[in-house]
>>> print(open('protein.txt').read())   # compact mmCIF, C-alpha atoms
# COMPACT_ATOMS: atom_id res chain seq x y z
CA MET A 255 0.72 -18.53 -13.56
CA THR A 256 1.20 -18.89 -9.81
CA SER A 257 -0.91 -21.62 -8.24
CA LEU A 258 -2.43 -20.61 -4.90
CA PRO A 259 -4.02 -22.85 -2.29
CA ARG A 260 -7.76 -23.36 -2.61
CA THR A 261 -9.68 -21.68 0.19
CA GLY A 262 -13.13 -23.22 -0.13
CA LEU A 263 -14.78 -19.80 0.18
CA PRO A 264 -17.63 -18.99 -2.24
CA ARG A 265 -16.81 -17.07 -5.41
CA THR A 266 -20.22 -15.46 -5.75
CA GLY A 267 -21.42 -12.31 -4.04
CA LEU A 268 -17.86 -11.15 -3.43
CA PRO A 269 -17.24 -7.70 -1.96
CA ILE A 270 -15.53 -5.24 -4.30
CA VAL A 271 -12.06 -3.86 -3.59
CA GLY A 272 -10.59 -1.14 -5.78
CA ILE A 273 -6.84 -1.31 -6.40
CA SER A 274 -4.86 1.82 -7.27
CA ALA A 275 -3.08 1.65 -10.64
CA ASP A 276 0.14 3.26 -11.83
CA TYR A 277 0.28 5.30 -15.03
CA ARG A 278 3.28 3.95 -16.86
CA THR A 279 4.71 3.91 -20.36
CA LEU A 280 5.50 0.40 -21.59
CA GLY A 281 7.25 0.46 -24.91
CA ARG A 282 5.78 3.47 -26.71
CA HIS A 283 2.30 3.38 -25.18
CA PRO A 284 0.91 4.51 -21.81
CA PHE A 285 -0.81 1.90 -19.62
CA HIS A 286 -2.66 1.78 -16.33
CA VAL A 287 -0.98 -1.10 -14.52
CA VAL A 288 -1.29 -3.08 -11.28
CA GLY A 289 1.10 -5.84 -10.22
CA ASP A 290 -0.31 -9.36 -10.25
CA LYS A 291 0.78 -9.90 -6.63
CA TYR A 292 -1.64 -7.19 -5.43
CA VAL A 293 -4.54 -8.56 -7.44
CA ARG A 294 -3.97 -12.06 -6.08
CA ALA A 295 -3.63 -10.82 -2.52
CA VAL A 296 -7.05 -9.16 -2.80
CA SER A 297 -8.60 -12.14 -4.60
CA ASP A 298 -7.11 -14.96 -2.56
CA GLY A 299 -6.01 -13.22 0.63
CA ALA A 300 -8.94 -10.88 1.27
CA HIS A 301 -11.38 -13.06 -0.74
CA ALA A 302 -12.77 -10.10 -2.68
CA LEU A 303 -13.36 -9.08 -6.27
CA ALA A 304 -10.38 -6.98 -7.40
CA VAL A 305 -11.24 -3.97 -9.58
CA LEU A 306 -8.40 -1.91 -11.03
CA LEU A 307 -8.80 1.86 -10.66
CA PRO A 308 -7.11 3.77 -13.51
CA ALA A 309 -4.91 6.74 -12.66
CA LEU A 310 -7.17 9.31 -14.29
CA GLY A 311 -6.83 12.10 -11.77
CA ASP A 312 -9.90 14.32 -11.52
CA ARG A 313 -11.88 12.59 -14.26
CA TYR A 314 -13.90 10.79 -11.59
CA ASP A 315 -15.48 12.09 -8.40
CA PRO A 316 -13.58 10.34 -5.56
CA ALA A 317 -16.69 10.22 -3.39
CA GLU A 318 -18.64 8.50 -6.18
CA VAL A 319 -15.85 5.94 -6.65
CA VAL A 320 -15.74 5.24 -2.92
CA GLY A 321 -19.52 4.85 -2.87
CA ARG A 322 -19.30 1.96 -5.33
CA LEU A 323 -16.63 0.03 -3.40
CA ASP A 324 -16.39 -2.06 -0.25
CA GLY A 325 -12.67 -1.45 0.25
CA LEU A 326 -9.52 0.04 -1.25
CA LEU A 327 -6.01 -1.34 -1.63
CA PHE A 328 -3.25 1.17 -2.37
CA THR A 329 -0.24 -0.52 -3.92
CA GLY A 330 3.49 -0.06 -3.90
CA SER A 331 5.22 1.40 -6.94
CA PRO A 332 8.70 2.26 -8.28
CA SER A 333 7.63 5.91 -8.45
CA ASN A 334 7.93 8.51 -5.69
CA VAL A 335 5.21 10.85 -4.47
CA HIS A 336 6.03 14.22 -6.03
CA PRO A 337 7.53 16.60 -3.44
CA ASP A 338 5.18 19.41 -4.51
CA ARG A 339 2.47 17.42 -2.74
CA TYR A 340 4.12 17.96 0.66
CA GLN A 341 6.17 21.12 0.00
CA GLY A 342 9.39 19.12 -0.07
CA PRO A 343 12.65 20.05 -1.84
CA LEU A 344 13.05 19.34 -5.53
CA SER A 345 13.76 15.72 -6.43
CA GLU A 346 17.09 14.79 -7.90
CA PRO A 347 17.13 14.58 -11.72
CA GLY A 348 16.00 11.19 -12.95
CA THR A 349 13.67 10.50 -10.01
CA LEU A 350 10.63 8.55 -11.17
CA HIS A 351 7.32 10.25 -10.44
CA ASP A 352 3.72 9.44 -11.36
CA LEU A 353 1.71 12.66 -11.35
CA ASN A 354 -1.40 10.87 -12.60
CA ARG A 355 -1.31 8.47 -9.69
CA ASP A 356 -0.73 11.30 -7.18
CA ALA A 357 -3.74 13.15 -8.59
CA THR A 358 -5.86 10.01 -8.28
CA THR A 359 -4.88 8.45 -4.99
CA LEU A 360 -4.50 11.45 -2.70
CA PRO A 361 -8.13 12.57 -3.12
CA LEU A 362 -9.24 8.93 -2.88
CA TYR A 363 -7.67 8.60 0.57
CA ARG A 364 -9.58 11.60 1.85
CA ALA A 365 -12.86 10.44 0.32
CA ALA A 366 -12.39 6.91 1.67
CA LEU A 367 -11.68 8.15 5.19
CA ASP A 368 -14.65 10.54 5.06
CA ALA A 369 -16.81 7.51 4.24
CA ASP A 370 -15.00 5.20 6.70
CA LEU A 371 -14.28 2.80 3.83
CA PRO A 372 -11.84 0.02 4.80
CA LEU A 373 -8.42 0.61 3.25
CA PHE A 374 -5.06 -1.13 3.27
CA ALA A 375 -2.01 0.70 1.92
CA ILE A 376 1.36 -0.82 1.01
CA CYS A 377 4.79 0.84 0.58
CA ARG A 378 4.12 3.88 -1.66
CA GLY A 379 0.59 3.62 -0.32
CA LEU A 380 1.80 4.35 3.21
CA GLN A 381 3.72 7.36 1.94
CA GLU A 382 0.66 8.60 0.04
CA LEU A 383 -1.54 8.26 3.12
CA ASN A 384 0.89 10.32 5.18
CA VAL A 385 1.01 13.02 2.50
CA ALA A 386 -2.77 13.00 1.95
CA LEU A 387 -3.28 13.80 5.63
CA GLY A 388 -0.63 16.52 5.84
CA GLY A 389 2.61 14.69 6.63
CA THR A 390 5.98 14.88 4.89
CA LEU A 391 8.49 12.39 3.49
CA HIS A 392 12.20 11.70 3.39
CA GLN A 393 12.97 11.33 -0.31
CA LYS A 394 16.14 9.31 0.29
CA VAL A 395 16.07 7.56 3.65
CA GLN A 396 19.58 6.18 3.06
CA ASP A 397 20.99 9.72 3.12
CA VAL A 398 19.39 10.69 6.44
CA PRO A 399 21.87 10.52 9.35
CA GLY A 400 20.93 7.76 11.76
CA LEU A 401 18.66 5.88 9.36
CA MET A 402 19.49 2.61 7.62
CA ASP A 403 19.56 1.93 3.90
CA HIS A 404 16.13 0.39 3.32
CA ARG A 405 16.59 -0.22 -0.41
CA ASP A 406 16.70 -3.64 -2.03
CA ASP A 407 19.44 -4.92 -4.33
CA GLU A 408 17.78 -5.03 -7.74
CA SER A 409 20.58 -7.20 -9.11
CA GLN A 410 19.37 -10.07 -6.93
CA PRO A 411 16.58 -12.57 -7.76
CA LEU A 412 13.10 -11.56 -6.64
CA GLU A 413 13.14 -14.18 -3.89
CA VAL A 414 16.18 -12.42 -2.39
CA GLN A 415 14.87 -8.89 -2.96
CA TYR A 416 11.60 -9.74 -1.24
CA GLY A 417 13.20 -11.79 1.51
CA GLY A 418 13.34 -10.62 5.11
CA ALA A 419 15.20 -7.29 5.36
CA HIS A 420 14.93 -6.30 9.00
CA ALA A 421 12.75 -6.62 12.07
CA VAL A 422 9.99 -4.23 13.10
CA ASP A 423 8.65 -3.72 16.60
CA LEU A 424 4.86 -3.59 16.76
CA THR A 425 3.14 -1.09 19.02
CA PRO A 426 1.89 -2.93 22.13
CA GLY A 427 -1.90 -3.08 22.12
CA GLY A 428 -2.01 -1.76 18.55
CA LEU A 429 -4.10 -2.96 15.64
CA MET A 430 -1.27 -4.85 13.97
CA ALA A 431 -0.19 -6.55 17.17
CA GLY A 432 -3.75 -7.71 17.65
CA ILE A 433 -4.11 -8.97 14.08
CA THR A 434 -0.80 -10.80 13.89
CA GLY A 435 -0.36 -11.85 17.51
CA ARG A 436 3.24 -10.58 17.31
CA GLU A 437 5.39 -8.15 19.24
CA ARG A 438 8.16 -8.22 16.62
CA MET A 439 8.35 -9.56 13.07
CA THR A 440 10.78 -9.63 10.17
CA VAL A 441 9.59 -7.76 7.08
CA ASN A 442 10.62 -7.37 3.43
CA SER A 443 10.99 -3.61 3.44
CA LEU A 444 12.24 -2.25 0.06
CA HIS A 445 12.08 1.52 -0.30
CA GLN A 446 13.99 4.79 -0.32
CA GLN A 447 11.15 7.19 0.52
CA GLY A 448 9.88 7.10 4.09
CA ILE A 449 7.84 9.04 6.62
CA ASP A 450 9.52 12.18 7.94
CA ARG A 451 6.83 14.15 9.79
CA LEU A 452 3.87 11.97 10.74
CA ALA A 453 0.52 13.36 9.63
CA PRO A 454 -2.09 14.36 12.20
CA GLY A 455 -4.56 11.57 12.88
CA LEU A 456 -2.10 8.76 12.23
CA ALA A 457 -0.94 6.40 14.98
CA VAL A 458 2.32 4.46 14.75
CA GLU A 459 1.83 0.69 14.49
CA ALA A 460 5.42 -0.46 13.82
CA THR A 461 8.95 0.92 13.71
CA ALA A 462 12.25 -0.30 12.23
CA PRO A 463 15.41 -0.69 14.37
CA ASP A 464 16.53 2.80 13.27
CA GLY A 465 13.25 4.32 14.45
CA LEU A 466 11.76 4.82 10.97
CA ILE A 467 7.98 4.42 10.98
CA GLU A 468 7.04 1.23 9.13
CA ALA A 469 3.28 0.98 9.78
CA VAL A 470 0.47 3.33 10.75
CA ARG A 471 -3.27 3.31 11.26
CA VAL A 472 -5.80 6.11 10.99
CA GLU A 473 -7.17 6.92 14.42
CA GLY A 474 -10.93 6.45 14.68
CA ALA A 475 -11.28 4.55 11.40
CA THR A 476 -12.94 1.14 11.29
CA PHE A 477 -10.01 -0.27 9.28
CA ALA A 478 -7.37 2.00 7.75
CA LEU A 479 -3.93 0.43 7.96
CA ALA A 480 -0.72 1.12 6.05
CA VAL A 481 2.60 -0.73 6.00
CA GLN A 482 5.96 0.16 4.48
CA TRP A 483 6.82 -3.44 3.57
CA HIS A 484 5.26 -5.90 1.08
CA PRO A 485 2.88 -8.40 2.72
CA GLU A 486 1.34 -9.15 -0.68
CA TRP A 487 4.52 -10.94 -1.84
CA ARG A 488 3.73 -14.69 -1.63
CA PHE A 489 1.43 -13.78 1.25
CA TRP A 490 0.22 -17.36 1.69
CA GLU A 491 3.68 -18.40 2.91
CA ASP A 492 3.72 -15.93 5.83
CA PRO A 493 1.17 -16.30 8.67
CA ALA A 494 1.39 -12.60 9.56
CA SER A 495 0.62 -11.58 5.97
CA VAL A 496 -2.24 -14.07 5.80
CA ALA A 497 -3.65 -12.53 8.99
CA LEU A 498 -3.36 -8.99 7.62
CA PHE A 499 -5.23 -9.74 4.40
CA LYS A 500 -7.83 -11.77 6.29
CA ALA A 501 -8.46 -8.85 8.65
CA PHE A 502 -8.77 -6.50 5.67
CA GLY A 503 -11.14 -8.92 3.96
CA ASP A 504 -13.27 -9.25 7.09
CA ALA A 505 -13.61 -5.46 7.30
CA VAL A 506 -14.50 -5.31 3.62
CA ARG A 507 -17.19 -7.99 3.97
CA THR A 508 -18.68 -6.19 6.95
CA ARG A 509 -18.81 -3.03 4.86
CA ALA A 510 -20.42 -4.88 1.95
CA THR A 511 -23.12 -6.31 4.20
CA ALA A 512 -23.90 -2.88 5.61
CA ARG A 513 -23.99 -1.36 2.10
CA GLU A 514 -26.49 -3.97 0.92
CA SER A 515 -28.81 -3.67 3.92
>>> encode(input="protein.txt", output="structure tokens")
Amino acid sequence: MTSLPRTGLPRTGLPIVGISADYRTLGRHPFHVVGDKYVRAVSDGAHALAVLLPALGDRYDPAEVVGRLDGLLFTGSPSNVHPDRYQGPLSEPGTLHDLNRDATTLPLYRAALDADLPLFAICRGLQELNVALGGTLHQKVQDVPGLMDHRDDESQPLEVQYGGAHAVDLTPGGLMAGITGRERMTVNSLHQQGIDRLAPGLAVEATAPDGLIEAVRVEGATFALAVQWHPEWRFWEDPASVALFKAFGDAVRTRATARES
């Protein structure tokens, strides 16, 4: 078990953050799974109670789920958003999809934004947000002329895979620039899907050297931020990642206080 620094913050009366789960077969049985790194980033980075949200599609009313939470974290995943969700071309054979997750998260985004619930989306989460609001995706960024290969080398140790991949330029005066105090930062971007057409209502917060959008925010929302990289990975070692999860946690606590009043 990874040992994280003690924060000294109270562990009672914590705000509640829902975390999107994947629907995945492990062995011969299906599971609803969330990576430990996301749970710990919510617990120790945002200082909130992490609650895993199963990928059960329409079995729950998204508005009711949102009404019970103080924030939402949408995780990365090996799976791709299904192209039917944005009228894209058919995926190549063998592409990993998660239809249960698509059916769960896309309505959750819309319900969360309708309620102005704080949300933070990572990697696949950024792609989902763009699709939920009417944008489209490149399925294989590495095959698009003019764009870099943003994939990681899975043959390498995790420390190498999640090491710095490339720089991003933050939008001057944007939310991320304000949170991190940076104009440029190096990120661990590991993906092959990426934003093609930006959805209405999204503002660009960061771009890669090839121009690919790497972070967005929802215009008019109290806190709705999405990044293409993985700030949850050993977040406590990176001041920018610490700042991002702190800002998310602050928004969540403000929401919790308002919900209780």
>>> closest_residue(input="protein.txt", among="A:Arg436, A:Gly348, A:Val305, A:Val472", to="A:Asp324", atoms="only C-alpha atoms")
A:Val305
>>> residues_around(input="protein.txt", residues="A:Thr358", least_positions_apart="6", cutoff="8 Å", atoms="only C-alpha atoms", output="PyMOL selection string")
chain A and resi 309-312
>>> residues_around(input="protein.txt", residues="stretch 454-464 of chain A", least_positions_apart="3", cutoff="6 Å", atoms="all atoms listed in the file", output="ChimeraX atom specification")
/A:401,422-425,467-473
>>> atom_distance(input="protein.txt", atom1="atom CA of A:Arg278", atom2="atom CA of A:Arg339")
19.5 Å
>>> atom_distance(input="protein.txt", atom1="atom CA of A:Gln446", atom2="atom CA of A:Gln396")
6.7 Å
>>> residues_around(input="protein.txt", residues="stretch 372-375 of chain A", least_positions_apart="4", cutoff="8 Å", atoms="only C-alpha atoms", output="PyMOL selection string")
chain A and resi 324-329+366+379-380+383+476-481+502+505-506+509
>>> closest_residue(input="protein.txt", among="A:Leu452, A:Gly321, A:Gly417, A:Gly428", to="A:Leu362", atoms="all atoms listed in the file")
A:Gly321
>>> closest_residue(input="protein.txt", among="A:Leu498, A:Ala365, A:Ala275, A:Leu391", to="A:Gly342", atoms="only C-alpha atoms")
A:Leu391
>>> residues_near_point(input="protein.txt", point="(6.4, 9.5, 3.7)", cutoff="7 Å", atoms="all atoms listed in the file", output="PyMOL selection string")
chain A and resi 380-382+384-385+390-392+447-450
>>> closest_residue(input="protein.txt", among="A:Gly388, A:Gln341, A:Leu429, A:Val271", to="A:Ala497", atoms="all atoms listed in the file")
A:Leu429
>>> closest_residue(input="protein.txt", among="A:Ala295, A:Leu323, A:Leu367, A:Ala453", to="A:Gly272", atoms="all atoms listed in the file")
A:Leu323
>>> decode(input="protein.txt", residues="stretch 269-361 of chain A", atoms="C-alpha atoms", output="mmCIF file, in the first residue's frame")
data_model
loop_
_atom_site.group_PDB
_atom_site.id
_atom_site.type_symbol
_atom_site.label_atom_id
_atom_site.label_comp_id
_atom_site.auth_asym_id
_atom_site.auth_seq_id
_atom_site.Cartn_x
_atom_site.Cartn_y
_atom_site.Cartn_z
ATOM 1 C CA PRO A 269 -17.677 16.113 1.484
ATOM 2 C CA ILE A 270 -18.685 13.287 -0.842
ATOM 3 C CA VAL A 271 -17.138 12.880 -4.291
ATOM 4 C CA GLY A 272 -18.465 10.261 -6.688
ATOM 5 C CA ILE A 273 -15.896 8.537 -8.914
ATOM 6 C CA SER A 274 -16.897 7.012 -12.247
ATOM 7 C CA ALA A 275 -16.214 3.275 -12.514
ATOM 8 C CA ASP A 276 -15.367 1.114 -15.522
ATOM 9 C CA TYR A 277 -17.327 -2.045 -16.313
ATOM 10 C CA ARG A 278 -14.665 -4.645 -16.911
ATOM 11 C CA THR A 279 -14.330 -8.414 -17.015
ATOM 12 C CA LEU A 280 -11.563 -9.709 -14.753
ATOM 13 C CA GLY A 281 -11.049 -13.399 -15.178
ATOM 14 C CA ARG A 282 -14.510 -14.774 -15.925
ATOM 15 C CA HIS A 283 -16.539 -12.266 -13.911
ATOM 16 C CA PRO A 284 -17.641 -8.668 -14.580
ATOM 17 C CA PHE A 285 -16.569 -5.979 -12.100
ATOM 18 C CA HIS A 286 -17.117 -2.279 -11.560
ATOM 19 C CA VAL A 287 -13.591 -0.964 -11.045
ATOM 20 C CA VAL A 288 -11.785 2.275 -10.188
ATOM 21 C CA GLY A 289 -8.012 2.658 -10.061
ATOM 22 C CA ASP A 290 -6.505 3.168 -6.618
ATOM 23 C CA LYS A 291 -4.690 6.302 -7.799
ATOM 24 C CA TYR A 292 -8.010 8.092 -8.406
ATOM 25 C CA VAL A 293 -9.424 7.093 -5.034
ATOM 26 C CA ARG A 294 -6.318 8.328 -3.238
ATOM 27 C CA ALA A 295 -6.271 11.579 -5.182
ATOM 28 C CA VAL A 296 -9.833 12.288 -4.027
ATOM 29 C CA SER A 297 -9.148 11.142 -0.470
ATOM 30 C CA ASP A 298 -5.751 12.727 0.072
ATOM 31 C CA GLY A 299 -5.604 15.377 -2.633
ATOM 32 C CA ALA A 300 -9.139 16.795 -2.507
ATOM 33 C CA HIS A 301 -9.668 15.689 1.131
ATOM 34 C CA ALA A 302 -13.064 14.164 0.400
ATOM 35 C CA LEU A 303 -14.877 10.882 0.906
ATOM 36 C CA ALA A 304 -14.529 8.841 -2.294
ATOM 37 C CA VAL A 305 -17.656 6.928 -3.360
ATOM 38 C CA LEU A 306 -17.433 4.622 -6.369
ATOM 39 C CA LEU A 307 -20.287 4.967 -8.874
ATOM 40 C CA PRO A 308 -21.017 1.683 -10.677
ATOM 41 C CA ALA A 309 -21.433 1.728 -14.453
ATOM 42 C CA LEU A 310 -25.098 0.777 -14.398
ATOM 43 C CA GLY A 311 -26.341 2.988 -17.203
ATOM 44 C CA ASP A 312 -29.955 4.077 -16.805
ATOM 45 C CA ARG A 313 -30.628 2.116 -13.613
ATOM 46 C CA TYR A 314 -30.229 5.334 -11.622
ATOM 47 C CA ASP A 315 -31.609 8.804 -12.251
ATOM 48 C CA PRO A 316 -28.532 10.990 -12.923
ATOM 49 C CA ALA A 317 -30.167 14.001 -11.286
ATOM 50 C CA GLU A 318 -30.821 11.991 -8.119
ATOM 51 C CA VAL A 319 -27.207 10.780 -8.033
ATOM 52 C CA VAL A 320 -25.922 14.324 -8.483
ATOM 53 C CA GLY A 321 -28.228 15.529 -5.719
ATOM 54 C CA ARG A 322 -26.518 13.213 -3.226
ATOM 55 C CA LEU A 323 -22.966 14.307 -4.071
ATOM 56 C CA ASP A 324 -20.730 17.305 -3.489
ATOM 57 C CA GLY A 325 -18.513 16.642 -6.502
ATOM 58 C CA LEU A 326 -17.687 14.212 -9.305
ATOM 59 C CA LEU A 327 -14.385 12.835 -10.555
ATOM 60 C CA PHE A 328 -14.400 11.224 -13.999
ATOM 61 C CA THR A 329 -11.444 8.887 -14.427
ATOM 62 C CA GLY A 330 -9.212 7.767 -17.234
ATOM 63 C CA SER A 331 -9.634 4.302 -18.712
ATOM 64 C CA PRO A 332 -8.116 1.952 -21.315
ATOM 65 C CA SER A 333 -11.449 1.992 -23.158
ATOM 66 C CA ASN A 334 -12.536 4.446 -25.855
ATOM 67 C CA VAL A 335 -15.796 6.355 -26.000
ATOM 68 C CA HIS A 336 -17.907 4.511 -28.571
ATOM 69 C CA PRO A 337 -18.055 6.452 -31.865
ATOM 70 C CA ASP A 338 -21.840 6.045 -32.056
ATOM 71 C CA ARG A 339 -21.959 8.616 -29.256
ATOM 72 C CA TYR A 340 -20.558 11.335 -31.536
ATOM 73 C CA GLN A 341 -21.501 9.991 -34.986
ATOM 74 C CA GLY A 342 -17.896 9.012 -35.681
ATOM 75 C CA PRO A 343 -16.652 6.321 -38.090
ATOM 76 C CA LEU A 344 -16.598 2.703 -36.985
ATOM 77 C CA SER A 345 -13.745 1.754 -34.675
ATOM 78 C CA GLU A 346 -11.088 -0.625 -35.871
ATOM 79 C CA PRO A 347 -11.651 -4.270 -34.864
ATOM 80 C CA GLY A 348 -10.284 -4.993 -31.407
ATOM 81 C CA THR A 349 -10.825 -1.464 -30.063
ATOM 82 C CA LEU A 350 -11.761 -1.591 -26.390
ATOM 83 C CA HIS A 351 -15.085 0.045 -25.575
ATOM 84 C CA ASP A 352 -17.157 0.286 -22.399
ATOM 85 C CA LEU A 353 -20.795 0.794 -23.355
ATOM 86 C CA ASN A 354 -21.916 0.596 -19.733
ATOM 87 C CA ARG A 355 -19.606 3.425 -18.763
ATOM 88 C CA ASP A 356 -20.709 5.544 -21.744
ATOM 89 C CA ALA A 357 -24.340 5.047 -20.737
ATOM 90 C CA THR A 358 -23.536 6.084 -17.173
ATOM 91 C CA THR A 359 -21.132 8.982 -17.477
ATOM 92 C CA LEU A 360 -22.536 10.948 -20.402
ATOM 93 C CA PRO A 361 -25.897 11.608 -18.697
#
